[in-house]
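Q: Below you'll find entry08.cif; it's mmCIF, C-alpha atoms.
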data_entry
#
loop_
_atom_site.group_PDB
_atom_site.id
_atom_site.type_symbol
_atom_site.label_atom_id
_atom_site.label_comp_id
_atom_site.auth_asym_id
_atom_site.auth_seq_id
_atom_site.Cartn_x
_atom_site.Cartn_y
_atom_site.Cartn_z
ATOM 1 C CA MET S 1 147.441 180.682 52.009
ATOM 2 C CA GLY S 2 144.310 179.904 53.984
ATOM 3 C CA TRP S 3 143.621 176.918 51.804
ATOM 4 C CA THR S 4 147.130 175.479 52.247
ATOM 5 C CA ALA S 5 146.967 175.933 56.000
ATOM 6 C CA ALA S 6 143.566 174.272 56.146
ATOM 7 C CA ALA S 7 144.785 171.348 54.043
ATOM 8 C CA THR S 8 147.852 170.866 56.215
ATOM 9 C CA VAL S 9 145.849 170.881 59.407
ATOM 10 C CA LEU S 10 143.306 168.519 57.856
ATOM 11 C CA LEU S 11 146.048 166.050 57.005
ATOM 12 C CA LEU S 12 147.527 166.252 60.485
ATOM 13 C CA LEU S 13 144.181 165.874 62.191
ATOM 14 C CA SER S 14 143.014 162.904 60.171
ATOM 15 C CA GLY S 15 146.276 161.132 61.007
ATOM 16 C CA THR S 16 146.456 159.093 57.827
ATOM 17 C CA PRO S 17 149.495 159.705 55.658
ATOM 18 C CA ALA S 18 148.583 160.173 52.036
ATOM 19 C CA SER S 19 150.858 157.320 50.955
ATOM 20 C CA ALA S 20 149.205 154.796 53.300
ATOM 21 C CA SER S 21 146.152 154.187 51.219
ATOM 22 C CA ALA S 22 146.886 152.389 48.005
ATOM 23 C CA ARG S 23 143.838 153.728 46.271
ATOM 24 C CA LEU S 24 143.492 157.305 45.233
ATOM 25 C CA ASP S 25 141.030 159.096 47.455
ATOM 26 C CA ASP S 26 138.817 160.704 44.860
ATOM 27 C CA GLY S 27 135.886 161.128 47.203
ATOM 28 C CA GLU S 28 133.926 158.235 45.746
ATOM 29 C CA VAL S 29 134.095 156.247 48.943
ATOM 30 C CA SER S 30 132.798 158.305 51.817
ATOM 31 C CA THR S 31 135.003 158.238 54.929
ATOM 32 C CA LYS S 32 134.758 159.811 58.334
ATOM 33 C CA GLY S 33 134.270 163.591 57.946
ATOM 34 C CA LEU S 34 135.488 166.403 60.138
ATOM 35 C CA THR S 35 133.947 166.783 63.534
ATOM 36 C CA VAL S 36 132.244 170.040 64.435
ATOM 37 C CA LEU S 37 135.193 171.042 66.601
ATOM 38 C CA GLN S 38 137.704 170.404 63.810
ATOM 39 C CA THR S 39 135.647 172.365 61.330
ATOM 40 C CA LEU S 40 135.370 175.288 63.683
ATOM 41 C CA LEU S 41 139.091 175.205 64.420
ATOM 42 C CA ILE S 42 140.081 175.177 60.770
ATOM 43 C CA TYR S 43 137.591 177.591 59.322
ATOM 44 C CA ALA S 44 137.060 179.959 62.249
ATOM 45 C CA GLY S 45 139.992 179.435 64.615
ATOM 46 C CA ILE S 46 142.831 179.857 62.119
ATOM 47 C CA PRO S 47 141.459 182.994 60.428
ATOM 48 C CA ALA S 48 140.728 184.526 63.827
ATOM 49 C CA ALA S 49 144.248 183.742 65.005
ATOM 50 C CA LEU S 50 145.741 185.254 61.853
ATOM 51 C CA PHE S 51 143.572 188.311 62.282
ATOM 52 C CA LEU S 52 144.794 188.757 65.853
ATOM 53 C CA VAL S 53 148.446 188.309 64.932
ATOM 54 C CA ILE S 54 148.276 190.855 62.113
ATOM 55 C CA THR S 55 146.367 193.348 64.264
ATOM 56 C CA LEU S 56 148.971 193.014 66.981
ATOM 57 C CA LEU S 57 151.816 193.490 64.508
ATOM 58 C CA VAL S 58 150.212 196.684 63.244
ATOM 59 C CA LEU S 59 149.364 198.178 66.637
ATOM 60 C CA ALA S 60 152.430 197.147 68.636
ATOM 61 C CA PRO S 61 154.899 199.844 67.448
ATOM 62 C CA GLY S 62 152.469 202.660 68.169
ATOM 63 C CA MET S 63 151.602 201.278 71.585
ATOM 64 C CA ALA S 64 155.276 200.989 72.461
ATOM 65 C CA ARG S 65 155.935 204.608 71.423
ATOM 66 C CA GLY S 66 153.191 206.059 73.576
ATOM 67 C CA PRO S 67 150.872 208.956 72.741
ATOM 68 C CA ARG S 68 151.940 211.349 70.033
ATOM 69 C CA TYR S 69 151.147 215.024 69.612
ATOM 70 C CA ARG S 70 148.382 215.746 67.130
ATOM 71 C CA PRO S 71 147.297 219.335 66.521
ATOM 72 C CA GLY S 72 143.767 219.930 67.754
ATOM 73 C CA LEU S 73 143.581 216.893 70.011
ATOM 74 C CA GLY S 74 144.773 218.634 73.158
ATOM 75 C CA TRP S 75 147.859 218.232 75.261
ATOM 76 C CA TRP S 76 148.339 215.671 77.992
ATOM 77 C CA ALA S 77 151.866 216.022 79.342
ATOM 78 C CA ALA S 78 153.215 217.930 82.318
ATOM 79 C CA PRO S 79 155.001 221.198 81.475
ATOM 80 C CA VAL S 80 158.701 220.984 80.633
ATOM 81 C CA TRP S 81 161.174 223.816 80.763
ATOM 82 C CA PHE S 82 164.499 223.397 79.005
ATOM 83 C CA ASN S 83 167.283 225.645 80.261
ATOM 84 C CA GLY S 84 164.850 227.246 82.709
ATOM 85 C CA PRO S 85 165.284 228.276 86.339
ATOM 86 C CA ALA S 86 166.149 225.498 88.761
ATOM 87 C CA ASP S 87 163.090 226.072 90.912
ATOM 88 C CA ALA S 88 160.525 227.060 88.309
ATOM 89 C CA ASP S 89 157.534 227.549 90.611
ATOM 90 C CA THR S 90 159.170 230.017 92.991
ATOM 91 C CA ALA S 91 160.950 231.740 90.115
ATOM 92 C CA VAL S 92 157.646 232.405 88.357
ATOM 93 C CA HIS S 93 155.930 233.557 91.549
ATOM 94 C CA SER S 94 158.720 235.824 92.752
ATOM 95 C CA GLY S 95 159.910 236.976 89.314
ATOM 96 C CA VAL S 96 158.916 240.244 87.714
ATOM 97 C CA PRO S 97 157.343 239.947 84.249
ATOM 98 C CA THR S 98 159.607 241.332 81.546
ATOM 99 C CA ILE S 99 158.455 244.732 80.338
ATOM 100 C CA GLU S 100 160.655 245.873 77.467
ATOM 101 C CA ALA S 101 160.621 242.697 75.461
ATOM 102 C CA GLY S 102 160.643 241.971 71.783
ATOM 103 C CA GLY S 103 159.768 238.808 69.934
ATOM 104 C CA SER S 104 156.732 237.496 68.194
ATOM 105 C CA SER S 105 153.564 235.509 68.654
ATOM 106 C CA ALA S 106 152.165 232.855 66.377
ATOM 107 C CA ARG S 107 149.365 230.325 66.213
ATOM 108 C CA TRP S 108 148.973 227.126 64.289
ATOM 109 C CA MET K 109 144.651 211.062 76.539
ATOM 110 C CA PRO K 110 146.736 209.515 79.293
ATOM 111 C CA ALA K 111 149.239 211.591 81.201
ATOM 112 C CA GLY K 112 152.867 211.049 80.278
ATOM 113 C CA GLU K 113 156.149 212.558 79.314
ATOM 114 C CA ALA K 114 155.989 215.273 76.704
ATOM 115 C CA PHE K 115 158.994 214.006 74.769
ATOM 116 C CA SER K 116 160.840 210.780 74.273
ATOM 117 C CA GLU K 117 164.471 210.472 75.243
ATOM 118 C CA ARG K 118 165.649 211.185 71.715
ATOM 119 C CA GLN K 119 163.342 214.156 71.226
ATOM 120 C CA ASN K 120 164.584 215.554 74.530
ATOM 121 C CA SER K 121 168.201 215.271 73.509
ATOM 122 C CA ASP K 122 167.419 216.875 70.122
ATOM 123 C CA ILE K 123 166.071 219.962 71.854
ATOM 124 C CA VAL K 124 168.894 220.058 74.383
ATOM 125 C CA ARG K 125 171.445 219.780 71.586
ATOM 126 C CA ALA K 126 169.868 222.665 69.663
ATOM 127 C CA ILE K 127 169.916 224.848 72.787
ATOM 128 C CA ARG K 128 173.553 223.966 73.450
ATOM 129 C CA LEU K 129 174.475 224.732 69.838
ATOM 130 C CA ALA K 130 172.776 228.139 70.017
ATOM 131 C CA LYS K 131 174.726 228.908 73.160
ATOM 132 C CA ARG K 132 178.040 227.817 71.693
ATOM 133 C CA GLN K 133 177.780 229.232 68.177
ATOM 134 C CA SER K 134 175.962 232.496 68.808
ATOM 135 C CA GLU K 135 176.276 232.911 72.581
ATOM 136 C CA LEU K 136 172.524 233.017 72.587
ATOM 137 C CA PRO K 137 170.920 231.691 75.782
ATOM 138 C CA VAL K 138 167.642 230.102 74.727
ATOM 139 C CA SER K 139 165.091 228.760 77.162
ATOM 140 C CA VAL K 140 162.265 226.550 75.908
ATOM 141 C CA TYR K 141 159.016 226.087 77.795
ATOM 142 C CA VAL K 142 156.434 223.556 76.619
ATOM 143 C CA GLY K 143 153.176 223.571 78.519
ATOM 144 C CA THR K 144 150.006 225.475 79.176
ATOM 145 C CA LEU K 145 150.124 229.273 79.003
ATOM 146 C CA GLU K 146 147.189 230.324 81.132
ATOM 147 C CA GLY K 147 145.109 233.403 80.428
ATOM 148 C CA ASP K 148 146.702 235.934 78.109
ATOM 149 C CA THR K 149 149.434 233.890 76.442
ATOM 150 C CA ARG K 150 151.726 236.865 75.810
ATOM 151 C CA ALA K 151 151.469 237.972 79.453
ATOM 152 C CA ALA K 152 152.123 234.409 80.612
ATOM 153 C CA ALA K 153 155.190 234.189 78.374
ATOM 154 C CA LEU K 154 156.493 237.526 79.699
ATOM 155 C CA ARG K 155 156.046 236.224 83.228
ATOM 156 C CA LEU K 156 158.050 233.100 82.367
ATOM 157 C CA HIS K 157 160.730 235.227 80.733
ATOM 158 C CA GLY K 158 160.927 237.381 83.852
ATOM 159 C CA ALA K 159 161.398 234.244 85.937
ATOM 160 C CA LEU K 160 164.765 233.720 84.216
ATOM 161 C CA GLY K 161 166.056 236.336 86.671
ATOM 162 C CA ALA K 162 169.351 238.086 86.051
ATOM 163 C CA ASP K 163 169.804 236.282 82.728
ATOM 164 C CA ALA K 164 166.458 237.523 81.384
ATOM 165 C CA PRO K 165 167.701 240.583 79.425
ATOM 166 C CA ARG K 166 170.235 238.411 77.575
ATOM 167 C CA SER K 167 167.889 235.452 77.048
ATOM 168 C CA VAL K 168 165.351 234.344 74.514
ATOM 169 C CA LEU K 169 162.315 232.435 75.730
ATOM 170 C CA VAL K 170 160.420 230.140 73.401
ATOM 171 C CA ALA K 171 157.070 229.271 74.967
ATOM 172 C CA VAL K 172 154.947 226.637 73.256
ATOM 173 C CA ASP K 173 151.411 225.771 74.285
ATOM 174 C CA PRO K 174 150.492 222.677 72.266
ATOM 175 C CA GLY K 175 146.999 222.541 73.760
ATOM 176 C CA SER K 176 145.818 225.954 72.586
ATOM 177 C CA ARG K 177 148.275 225.963 69.665
ATOM 178 C CA ARG K 178 150.094 229.129 70.616
ATOM 179 C CA LEU K 179 153.732 230.063 70.274
ATOM 180 C CA GLU K 180 155.391 233.017 71.985
ATOM 181 C CA ILE K 181 158.983 234.094 71.456
ATOM 182 C CA VAL K 182 160.207 236.646 73.993
ATOM 183 C CA THR K 183 163.534 238.435 73.580
ATOM 184 C CA GLY K 184 165.103 240.325 76.465
ATOM 185 C CA ALA K 185 166.026 244.018 76.263
ATOM 186 C CA GLU K 186 169.679 243.271 75.510
ATOM 187 C CA VAL K 187 169.333 240.386 73.095
ATOM 188 C CA ARG K 188 166.679 242.328 71.206
ATOM 189 C CA ARG K 189 169.370 244.428 69.616
ATOM 190 C CA ARG K 190 170.852 241.522 67.692
ATOM 191 C CA LEU K 191 167.701 239.463 67.277
ATOM 192 C CA ASP K 192 164.987 241.693 65.902
ATOM 193 C CA ASP K 193 161.292 240.920 65.748
ATOM 194 C CA ARG K 194 161.490 240.082 62.063
ATOM 195 C CA SER K 195 164.011 237.305 62.758
ATOM 196 C CA THR K 196 161.938 235.880 65.581
ATOM 197 C CA GLY K 197 158.911 236.021 63.293
ATOM 198 C CA LEU K 198 160.729 233.934 60.708
ATOM 199 C CA ALA K 199 161.782 231.414 63.343
ATOM 200 C CA ALA K 200 158.208 231.320 64.632
ATOM 201 C CA MET K 201 156.955 230.576 61.140
ATOM 202 C CA ALA K 202 159.436 227.711 60.747
ATOM 203 C CA MET K 203 158.299 226.296 64.074
ATOM 204 C CA THR K 204 154.569 226.531 63.510
ATOM 205 C CA SER K 205 154.775 224.861 60.124
ATOM 206 C CA ALA K 206 156.433 221.867 61.805
ATOM 207 C CA PHE K 207 153.921 221.950 64.672
ATOM 208 C CA GLN K 208 151.080 221.828 62.178
ATOM 209 C CA ALA K 209 152.461 218.561 60.911
ATOM 210 C CA GLY K 210 152.567 217.225 64.470
ATOM 211 C CA ASP K 211 156.335 217.465 64.842
ATOM 212 C CA LEU K 212 156.702 219.278 68.142
ATOM 213 C CA SER K 213 160.304 218.473 69.053
ATOM 214 C CA GLY K 214 161.599 218.863 65.500
ATOM 215 C CA GLY K 215 159.930 222.258 65.185
ATOM 216 C CA ILE K 216 161.397 223.450 68.457
ATOM 217 C CA ALA K 217 164.890 222.233 67.595
ATOM 218 C CA SER K 218 164.937 223.814 64.133
ATOM 219 C CA GLY K 219 163.374 227.012 65.493
ATOM 220 C CA VAL K 220 166.054 227.358 68.139
ATOM 221 C CA LEU K 221 168.730 226.830 65.486
ATOM 222 C CA ALA K 222 167.065 229.437 63.260
ATOM 223 C CA LEU K 223 167.138 231.933 66.130
ATOM 224 C CA ALA K 224 170.814 231.201 66.683
ATOM 225 C CA GLU K 225 171.576 231.693 63.015
ATOM 226 C CA HIS K 226 169.785 235.032 62.861
ATOM 227 C CA ALA K 227 171.521 236.220 66.013
ATOM 228 C CA GLN K 228 174.858 235.337 64.497
ATOM 229 C CA THR K 229 174.386 237.020 61.117
ATOM 230 C CA GLN K 230 172.906 240.047 62.799
ATOM 231 C CA ARG K 231 176.014 240.470 64.897
ATOM 232 C CA SER K 232 178.503 239.829 62.098
ATOM 233 C CA LEU K 233 176.947 242.649 60.074
ATOM 234 C CA HIS K 234 178.452 245.070 62.547
ATOM 235 C CA THR K 235 181.765 243.354 63.187
ATOM 236 C CA ASP K 236 182.736 241.974 59.781
ATOM 237 C CA THR K 237 184.816 244.281 57.634
ATOM 238 C CA ARG K 238 184.149 242.359 54.420
#
Go ahead and express the file in the form of structure tokens.
A:
Amino acid sequence: MGWTAAATVLLLLSGTPASASARLDDGEVSTKGLTVLQTLLIYAGIPAALFLVITLLVLAPGMARGPRYRPGLGWWAAPVWFNGPADADTAVHSGVPTIEAGGSSARW
Amino acid sequence: MPAGEAFSERQNSDIVRAIRLAKRQSELPVSVYVGTLEGDTRAAALRLHGALGADAPRSVLVAVDPGSRRLEIVTGAEVRRRLDDRSTGLAAMAMTSAFQAGDLSGGIASGVLALAEHAQTQRSLHTDTR
């Protein structure tokens, strides 16, 4: 793929259609080579651009989703209480801790 | 890690749906707290359960502390009769195995449903004549 892309760009940059020259270009007659800038663009610029595009494609979904919970890496979010008291802070401060409770505890 | 919302919109609605289902199918009021439980986690969970006020004896509180990896299930004095500690232990096990895999909202939702199921079968044992 890299080779095809390089060849295409080379053709475009040199500006001479392949059909224009009657003789087959077999490299026997030396013509104008690539400039330093062209060489850099083809052999460093294109791979770097591809690298960036692929990296972005890989990272984008995760970045859009935001942080995800991983056990052992801590917790970052503010507390949430589903189906809890309307004013949680005052309810916790003024409430009496339950005494005769059942249930269970677990760790992971 | 940056501060942010604990759950995405869809995860939120999953949990809310499970709580609503527990209420409708088993008349089991479940309250789910996700956040830090400071100090003694059991005492903190009991304090949260007490904060439910008049509903506390009939309610189940599921308190999850993802930071210190602790889960507390508190059943009120009334609801205890149809949801024994063995059932809550089973639900806790289902939850923690999901939490271990990093699935916080899924674990909570399936745990709440497990609690509801146990509460229902427990009650039908006394009322069913089959």
Q: Hey, could you make a per-residue contact list for chain K against chain S with 7 Å as the cut-off, showing the nearest pair of atoms and its distance in Å to one decimal, counting only C-alpha atoms, sorted by chain and number, as JSON lines?
A:
{"residue": "K:Met109", "atom": "CA", "partner": "S:Trp76", "partner_atom": "CA", "distance": 6.1}
{"residue": "K:Pro110", "atom": "CA", "partner": "S:Trp76", "partner_atom": "CA", "distance": 6.5}
{"residue": "K:Ala111", "atom": "CA", "partner": "S:Trp76", "partner_atom": "CA", "distance": 5.3}
{"residue": "K:Gly112", "atom": "CA", "partner": "S:Ala77", "partner_atom": "CA", "distance": 5.2}
{"residue": "K:Glu113", "atom": "CA", "partner": "S:Ala77", "partner_atom": "CA", "distance": 5.5}
{"residue": "K:Ala114", "atom": "CA", "partner": "S:Ala77", "partner_atom": "CA", "distance": 5.0}
{"residue": "K:Ser139", "atom": "CA", "partner": "S:Asn83", "partner_atom": "CA", "distance": 4.9}
{"residue": "K:Val140", "atom": "CA", "partner": "S:Phe82", "partner_atom": "CA", "distance": 5.0}
{"residue": "K:Tyr141", "atom": "CA", "partner": "S:Trp81", "partner_atom": "CA", "distance": 4.3}
{"residue": "K:Val142", "atom": "CA", "partner": "S:Val80", "partner_atom": "CA", "distance": 5.3}
{"residue": "K:Gly143", "atom": "CA", "partner": "S:Pro79", "partner_atom": "CA", "distance": 4.2}
{"residue": "K:Thr144", "atom": "CA", "partner": "S:Pro79", "partner_atom": "CA", "distance": 7.0}
{"residue": "K:Leu154", "atom": "CA", "partner": "S:Pro97", "partner_atom": "CA", "distance": 5.2}
{"residue": "K:Arg155", "atom": "CA", "partner": "S:Pro97", "partner_atom": "CA", "distance": 4.1}
{"residue": "K:Leu156", "atom": "CA", "partner": "S:Val92", "partner_atom": "CA", "distance": 6.0}
{"residue": "K:His157", "atom": "CA", "partner": "S:Thr98", "partner_atom": "CA", "distance": 6.3}
{"residue": "K:Gly158", "atom": "CA", "partner": "S:Pro97", "partner_atom": "CA", "distance": 4.4}
{"residue": "K:Ala159", "atom": "CA", "partner": "S:Gly95", "partner_atom": "CA", "distance": 4.6}
{"residue": "K:Leu160", "atom": "CA", "partner": "S:Pro85", "partner_atom": "CA", "distance": 5.9}
{"residue": "K:Gly161", "atom": "CA", "partner": "S:Gly95", "partner_atom": "CA", "distance": 6.7}
{"residue": "K:Pro174", "atom": "CA", "partner": "S:Trp75", "partner_atom": "CA", "distance": 6.0}
{"residue": "K:Gly175", "atom": "CA", "partner": "S:Gly74", "partner_atom": "CA", "distance": 4.5}
{"residue": "K:Arg177", "atom": "CA", "partner": "S:Trp108", "partner_atom": "CA", "distance": 5.5}
{"residue": "K:Arg178", "atom": "CA", "partner": "S:Arg107", "partner_atom": "CA", "distance": 4.6}
{"residue": "K:Leu179", "atom": "CA", "partner": "S:Ala106", "partner_atom": "CA", "distance": 5.0}
{"residue": "K:Glu180", "atom": "CA", "partner": "S:Ser105", "partner_atom": "CA", "distance": 4.5}
{"residue": "K:Ile181", "atom": "CA", "partner": "S:Gly103", "partner_atom": "CA", "distance": 5.0}
{"residue": "K:Val182", "atom": "CA", "partner": "S:Gly103", "partner_atom": "CA", "distance": 4.6}
{"residue": "K:Thr183", "atom": "CA", "partner": "S:Gly102", "partner_atom": "CA", "distance": 4.9}
{"residue": "K:Gly184", "atom": "CA", "partner": "S:Ala101", "partner_atom": "CA", "distance": 5.2}
{"residue": "K:Ala185", "atom": "CA", "partner": "S:Ala101", "partner_atom": "CA", "distance": 5.6}
{"residue": "K:Arg188", "atom": "CA", "partner": "S:Gly102", "partner_atom": "CA", "distance": 6.1}
{"residue": "K:Asp193", "atom": "CA", "partner": "S:Gly103", "partner_atom": "CA", "distance": 4.9}
{"residue": "K:Thr196", "atom": "CA", "partner": "S:Gly103", "partner_atom": "CA", "distance": 5.7}
{"residue": "K:Gly197", "atom": "CA", "partner": "S:Ser104", "partner_atom": "CA", "distance": 5.6}
{"residue": "K:Ala200", "atom": "CA", "partner": "S:Ala106", "partner_atom": "CA", "distance": 6.5}
{"residue": "K:Thr204", "atom": "CA", "partner": "S:Trp108", "partner_atom": "CA", "distance": 5.7}
{"residue": "K:Gln208", "atom": "CA", "partner": "S:Trp108", "partner_atom": "CA", "distance": 6.1}
{"residue": "K:Gly210", "atom": "CA", "partner": "S:Arg70", "partner_atom": "CA", "distance": 5.2}
Q: Could you tell me how far CA of Leu41 in chain S sits from CA of Ile54 in chain S, in Å to one decimal place?
A: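 Going from CA of Ile54 in chain S over to CA of Leu41 in chain S covers 18.3 Å.
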Q: If we count all atoms listed in the file, what is near range 120-125 of chain K at a cut-off of 7 Å, once residues fewer than 4 positions away on the same chain are taken out, given as an NGL selection string?
A: :K and (115-116 or 129 or 213 or 216-217)
Q: Just to be explicit: take each residue in the selection above, keep C-alpha atoms, and write the result as a PDB file, in the frame of the given file.
A:
ATOM      1  CA  PHE K 115     158.994 214.006  74.769  1.00  0.00           C
ATOM      2  CA  SER K 116     160.840 210.780  74.273  1.00  0.00           C
ATOM      3  CA  LEU K 129     174.475 224.732  69.838  1.00  0.00           C
ATOM      4  CA  SER K 213     160.304 218.473  69.053  1.00  0.00           C
ATOM      5  CA  ILE K 216     161.397 223.450  68.457  1.00  0.00           C
ATOM      6  CA  ALA K 217     164.890 222.233  67.595  1.00  0.00           C
TER       7      ALA K 217
END
Q: One decimal, in Å: what's the spacing between CA of Val58 in chain S and CA of Ile46 in chain S?
A: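 Computing the Euclidean distance for CA of Val58 in chain S and CA of Ile46 in chain S yields 18.4 Å.
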Q: Measuring between only C-alpha atoms, which one of K:His226, K:Met203, K:Ala171, K:Gly214 shows the shortest distance to Leu191 in chain K?
A: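 Using only C-alpha atoms, the shortest distance to Leu191 in chain K belongs to K:His226.
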Q: Just the number, please: distance in Å from CA of Val220 in chain K to CA of Arg128 in chain K, one decimal.
A: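 For CA of Val220 in chain K relative to CA of Arg128 in chain K, the distance reads 9.8 Å.
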Q: Build an axis-aligned box that encloses every atom of range 117-132 of chain K listed in the file, pad it by 8 Å on each side, and report its centre and edge lengths in Å to one decimal, as lines of an AutoDock Vina configuration file.
A:
center_x = 170.7
center_y = 219.7
center_z = 72.5
size_x = 30.7
size_y = 34.4
size_z = 21.6
Q: List the neighbours of Ser195 in chain K out to 10 Å using only C-alpha atoms; skip same-chain residues closer than 6 positions along the sequence, and give me the result as a ChimeraX atom specification.
A: /S:103-104 /K:201,222-227,230
Q: Skip Glu186 in chain K itself and residues of its chain fewer than 5 positions away, then list as a tab-separated table (two decimals) with C-alpha atoms, in the frame of the given file all residues within 9 Å of it, counting only C-alpha atoms.
A:
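As written to disk, result37.tsv reads:
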chain	number	residue	atom	x	y	z
K	164	ALA	CA	166.46	237.52	81.38
K	165	PRO	CA	167.70	240.58	79.42
K	166	ARG	CA	170.24	238.41	77.58
K	167	SER	CA	167.89	235.45	77.05
